[in-house]
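Reading through the structure tokens given below for one structure.
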Amino acid sequence: MKRNITVNIFGSLYPMDEDAYAMLNAYISNMRDYFSRQPDGKEIADDIEGRVAELMSELRQNGVEAISIEHIEEIINRVGKPEQFIEEEAETTEPMTSPSNPTASKKKLFRDPEHKFLGGVFAGLGCYLGINPLWLRLAYILLIFGFFVNMPETIPFILLLIASYFVCWGSIPVAANPAERLQMKGEQVNLSNMCEEFLTSTREMLSRQSQINKNGWLTAGFVSVLRWCVYSVGCLLIATCIIGMIGLLIATVCAVAAPWSNLRGTIDENFPVFIILDSNPSWVIWIAAVSIILLLTSTVYLLAHFTLRILGRIRPLSITLRVICLVVWLIALVFSAASITKIVSNINIYHHNQYYLKNRQSDEEKISSKKEAQEAQLHEAGWIITKKNNINKYSNKGQHYSGNEDKTYLEAEMLHAGLNMEYETERQIKVAPGTYRLEVKGRTNGEGAEIYAIDGHGARRSADIPVCGNKGGNVWKDACITLEADTAKLLPNRHYLKQLSKANHSEGYGWSEIVIKDIYVGPDSVIRYGVSNLSDQKTWDGTWLSATSFELIRQAQ
């Protein structure tokens, strides 16, 4: 068992084991020997020792009770070794002789521990992109607060943003030594730059430590509270992901193993599992379940490793493992988002179709009831509907040619588009033998509608209904022309003509007068007439037709 000792470094006491102290002592001695050959070497060595003490203070603030040899190895790697400067000095002679043409290095993405606020993610991104990290931090905070406005719907996006930061914190490597800090800045890794970077970072840390000491317990307390807030959020996210992963596993097993087909009679059809299973193919559900489980698992692993790493309990992940974890996390995130979006879209389509079918069934029941009542009223008036295929009404009111919205007229309208509409209704009356003409007001929006009459010889005579739609028509037009011609305003039916001209805001309802002449009525004194869209001469291409004011007038002999 290793014995712990207490060591005084740069005016502070630190507990550590004997092996760690031996390594640290050798490191500081080597640093002092190396910089003793340079101007101001003693001051540089003192700065290095102060840097080491600061990093050890960070470990103690993170809850490390005794510093181990692994902690010292990490500190040495972060500060830099004398061997790095010696090797670089032996290998780089050309850059020292021609400093005017330095070769620029490609930037690499690291977390910047020297200018971090939490984990150094935005500091590293800012350095890599050449942007002040303050703007990145502000944009991130504003984005989160923007999602807060539409809570609770945006809670998943808020958690995703927070989890993404922690995943980046755990997967992006930290610039732990002078060489990596130079690579982060895109500067050439040579002796001069490494020495300059080493001294600059050391003095910046001592300056920050001096500022913290000057500000006193308030700043230190704020930093400590902020750190524990980060740890708490990390633990909360881990717990949330674990609970979600367990719940998803249970739900997936239940969805696959449970005999849902046998439970449909005992459980409401609107049960969420039934809706998901009915609206989505099985492969989409499996992809969603597997990708979400993989996403939650990788997130839990990275967050747990990150939290323990910040607390100083474990060593950081290797570069290869970080890349693998990040790639797996991103793939799982993409597949999860895509599959969930597909499931939600299918559920919305399913609900829409169910709503449509339910309303359609209800509407058809209402239409059927309404049609029965209309058919009964027409039958009382002597009308018989002989053809009625794909029709949603037999009569209507509100657009009578006279402008009287209370008058009822015959009207047939197509029920479902794309299906054949067949409509024919007629009335049979008994009149004195003779020759008659039939005058009717009609309108339609398609060719193939006609008024017909069957005379005493059984011959069918017909006349087409003009296609005017629900505006204009010769009834309205003739009334307007007659009123304009009556400049003296002497016509006895002027008031009636004004009503016709003002129908439908003075645009007419599309009614036209149709006349069938020379209808012979034999000794049986029976005549039949009506309206139909089953013309022998033209194919029906409309969706509705109307007819009213059937008048049978005897012609003079």
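By convention here, the chains of the structure tokens are called A, B, ... in the order presented, each chain's residues are numbered starting at 1, and ligands are numbered starting at 1 in the order presented.
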| Where does DSSP see helix (DSSP H, G or I) in stretch 373-523 of chain A, if you list the residues as a PyMOL selection string? | chain A and resi 373-380+474-485+494-501+503-506
| task | For A:Arg528, please output as a VMD selection string all residues within 8 Å (counting only C-alpha atoms; exclusion window: fewer than 6 positions along the same chain). | result | chain A and resid 426 to 429 453 to 455
| query | Got a sec: who's within 12 Å of A:Gly130, counting only C-alpha atoms, leaving out chain neighbours fewer than 4 positions off, as a ChimeraX atom specification? | reply | /A:107,109,122-126,134-136,184-186
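With distances restricted to only C-alpha atoms, A:Ser535 is the closest residue to A:Ala463 from A:Ser171, A:Asn8, A:Thr341, A:Ser535.
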| request: Would you mind telling me which residue in A:His400, A:Arg51, A:Lys342, A:Lys366 lies nearest to A:Ser546 when using only C-alpha atoms? | output: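 The answer is A:His400, which sits nearest to A:Ser546.
For the choices A:Glu73, A:Gly448, A:Ala373, A:Ala45, the atom-to-atom distance to A:Thr539 is smallest for A:Gly448 when using only C-alpha atoms.
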| request: Excluding A:Gln499 and residues on its chain fewer than 4 positions from it, collect all residues at most 9 Å away from it, counting only C-alpha atoms, and give them as a list in words. | output: Ser402, Gly403, Asn404, Ala479, Arg494, His495 and Ala503 of chain A
Given the selection you just returned, output its residues as a file containing C-alpha atoms, formatted as a tab-separated table (two decimals), in the first residue's frame.
```tsv
chain	number	residue	atom	x	y	z
A	402	SER	CA	-86.46	35.41	-58.58
A	403	GLY	CA	-84.08	36.22	-55.71
A	404	ASN	CA	-86.52	34.76	-53.18
A	479	ALA	CA	-84.86	41.32	-67.21
A	494	ARG	CA	-91.45	46.44	-63.54
A	495	HIS	CA	-91.19	45.55	-59.83
A	503	ALA	CA	-80.73	38.46	-57.85
```
| query | Interatomic distance between atom CA of A:Tyr128 and atom CA of A:Ala176? | reply | 15.8 Å
| request: Determine which residues of stretch 394-510 of chain A DSSP labels as strand (DSSP E or B) from the backbone of this structure, then write them out as JSON, numbers by chain. | output: {"A": [395, 396, 397, 408, 409, 410, 411, 412, 413, 414, 422, 423, 424, 425, 426, 427, 428, 429, 430, 434, 435, 436, 437, 438, 439, 440, 441, 442, 443, 444, 450, 451, 452, 453, 454, 460, 461, 462, 463, 464, 467]}
I need the residues from that last selection saved to file as a compact mmCIF listing (two decimals), in the first residue's frame (with N, CA and C atoms), if you can.
```
# COMPACT_ATOMS: atom_id res chain seq x y z
N SER A 395 -83.36 18.44 -53.89
CA SER A 395 -83.95 19.79 -53.96
C SER A 395 -83.07 20.74 -53.16
N ASN A 396 -83.34 22.03 -53.35
CA ASN A 396 -82.53 23.04 -52.67
C ASN A 396 -83.30 24.35 -52.64
N LYS A 397 -82.78 25.31 -51.91
CA LYS A 397 -83.32 26.67 -51.93
C LYS A 397 -82.21 27.64 -51.57
N THR A 408 -88.24 26.77 -53.03
CA THR A 408 -87.56 25.49 -53.26
C THR A 408 -87.58 25.15 -54.75
N TYR A 409 -86.54 24.50 -55.24
CA TYR A 409 -86.45 24.10 -56.63
C TYR A 409 -85.76 22.74 -56.71
N LEU A 410 -85.94 22.06 -57.81
CA LEU A 410 -85.27 20.78 -58.03
C LEU A 410 -83.78 21.01 -58.22
N GLU A 411 -82.99 20.18 -57.57
CA GLU A 411 -81.53 20.29 -57.77
C GLU A 411 -80.89 18.94 -57.45
N ALA A 412 -79.98 18.51 -58.31
CA ALA A 412 -79.20 17.28 -58.10
C ALA A 412 -77.73 17.65 -58.18
N GLU A 413 -76.96 17.12 -57.23
CA GLU A 413 -75.53 17.43 -57.17
C GLU A 413 -74.75 16.13 -56.95
N MET A 414 -73.59 16.05 -57.59
CA MET A 414 -72.76 14.86 -57.50
C MET A 414 -72.27 14.65 -56.05
N GLU A 422 -76.10 9.88 -62.15
CA GLU A 422 -77.29 9.61 -62.97
C GLU A 422 -78.50 10.17 -62.23
N TYR A 423 -79.19 11.07 -62.92
CA TYR A 423 -80.33 11.73 -62.27
C TYR A 423 -81.44 11.95 -63.29
N GLU A 424 -82.65 11.61 -62.85
CA GLU A 424 -83.81 11.89 -63.67
C GLU A 424 -85.04 11.89 -62.76
N THR A 425 -85.79 12.94 -62.84
CA THR A 425 -87.04 13.03 -62.07
C THR A 425 -88.13 13.60 -62.98
N GLU A 426 -89.35 13.08 -62.84
CA GLU A 426 -90.43 13.50 -63.74
C GLU A 426 -91.76 13.53 -62.99
N ARG A 427 -92.70 14.20 -63.63
CA ARG A 427 -94.05 14.31 -63.08
C ARG A 427 -95.05 13.99 -64.19
N GLN A 428 -96.12 13.31 -63.82
CA GLN A 428 -97.17 12.95 -64.79
C GLN A 428 -98.46 13.65 -64.39
N ILE A 429 -99.06 14.37 -65.37
CA ILE A 429 -100.31 15.07 -65.09
C ILE A 429 -101.31 14.79 -66.21
N LYS A 430 -102.54 15.05 -65.88
CA LYS A 430 -103.62 14.84 -66.85
C LYS A 430 -104.18 16.17 -67.29
N GLY A 434 -104.81 18.06 -76.74
CA GLY A 434 -104.43 19.22 -77.50
C GLY A 434 -102.92 19.31 -77.66
N THR A 435 -102.45 20.47 -78.13
CA THR A 435 -101.03 20.71 -78.32
C THR A 435 -100.56 21.73 -77.29
N TYR A 436 -99.41 21.42 -76.64
CA TYR A 436 -98.92 22.25 -75.53
C TYR A 436 -97.43 22.60 -75.74
N ARG A 437 -97.04 23.60 -75.02
CA ARG A 437 -95.60 23.91 -74.91
C ARG A 437 -95.24 23.94 -73.43
N LEU A 438 -94.00 23.48 -73.15
CA LEU A 438 -93.52 23.41 -71.77
C LEU A 438 -92.45 24.48 -71.56
N GLU A 439 -92.68 25.36 -70.58
CA GLU A 439 -91.70 26.40 -70.24
C GLU A 439 -91.12 26.09 -68.86
N VAL A 440 -89.78 26.09 -68.79
CA VAL A 440 -89.07 25.71 -67.56
C VAL A 440 -87.90 26.66 -67.36
N LYS A 441 -87.60 26.93 -66.08
CA LYS A 441 -86.36 27.66 -65.74
C LYS A 441 -85.34 26.62 -65.26
N GLY A 442 -84.17 26.64 -65.88
CA GLY A 442 -83.14 25.66 -65.50
C GLY A 442 -81.75 26.25 -65.54
N ARG A 443 -80.82 25.55 -64.94
CA ARG A 443 -79.41 25.96 -64.95
C ARG A 443 -78.55 24.72 -64.69
N THR A 444 -77.29 24.78 -65.09
CA THR A 444 -76.36 23.67 -64.87
C THR A 444 -74.92 24.18 -65.08
N GLU A 450 -80.80 18.19 -69.57
CA GLU A 450 -81.90 18.55 -70.47
C GLU A 450 -83.24 18.52 -69.74
N ILE A 451 -84.18 19.27 -70.31
CA ILE A 451 -85.59 19.20 -69.94
C ILE A 451 -86.28 18.33 -71.00
N TYR A 452 -87.17 17.45 -70.58
CA TYR A 452 -87.80 16.57 -71.56
C TYR A 452 -89.30 16.50 -71.28
N ALA A 453 -90.04 16.07 -72.33
CA ALA A 453 -91.49 15.83 -72.24
C ALA A 453 -91.83 14.65 -73.14
N ILE A 454 -92.73 13.81 -72.66
CA ILE A 454 -93.16 12.63 -73.43
C ILE A 454 -94.63 12.84 -73.81
N ARG A 460 -90.40 11.16 -77.09
CA ARG A 460 -89.69 12.00 -76.10
C ARG A 460 -89.12 13.21 -76.82
N ARG A 461 -89.52 14.39 -76.35
CA ARG A 461 -89.01 15.65 -76.89
C ARG A 461 -88.19 16.31 -75.79
N SER A 462 -87.03 16.90 -76.14
CA SER A 462 -86.15 17.46 -75.12
C SER A 462 -85.49 18.74 -75.60
N ALA A 463 -84.99 19.50 -74.65
CA ALA A 463 -84.24 20.74 -74.93
C ALA A 463 -83.11 20.85 -73.90
N ASP A 464 -81.92 21.22 -74.37
CA ASP A 464 -80.76 21.32 -73.48
C ASP A 464 -80.90 22.49 -72.52
N VAL A 467 -75.55 26.08 -70.34
CA VAL A 467 -74.50 26.00 -69.31
C VAL A 467 -74.07 27.41 -68.93
```
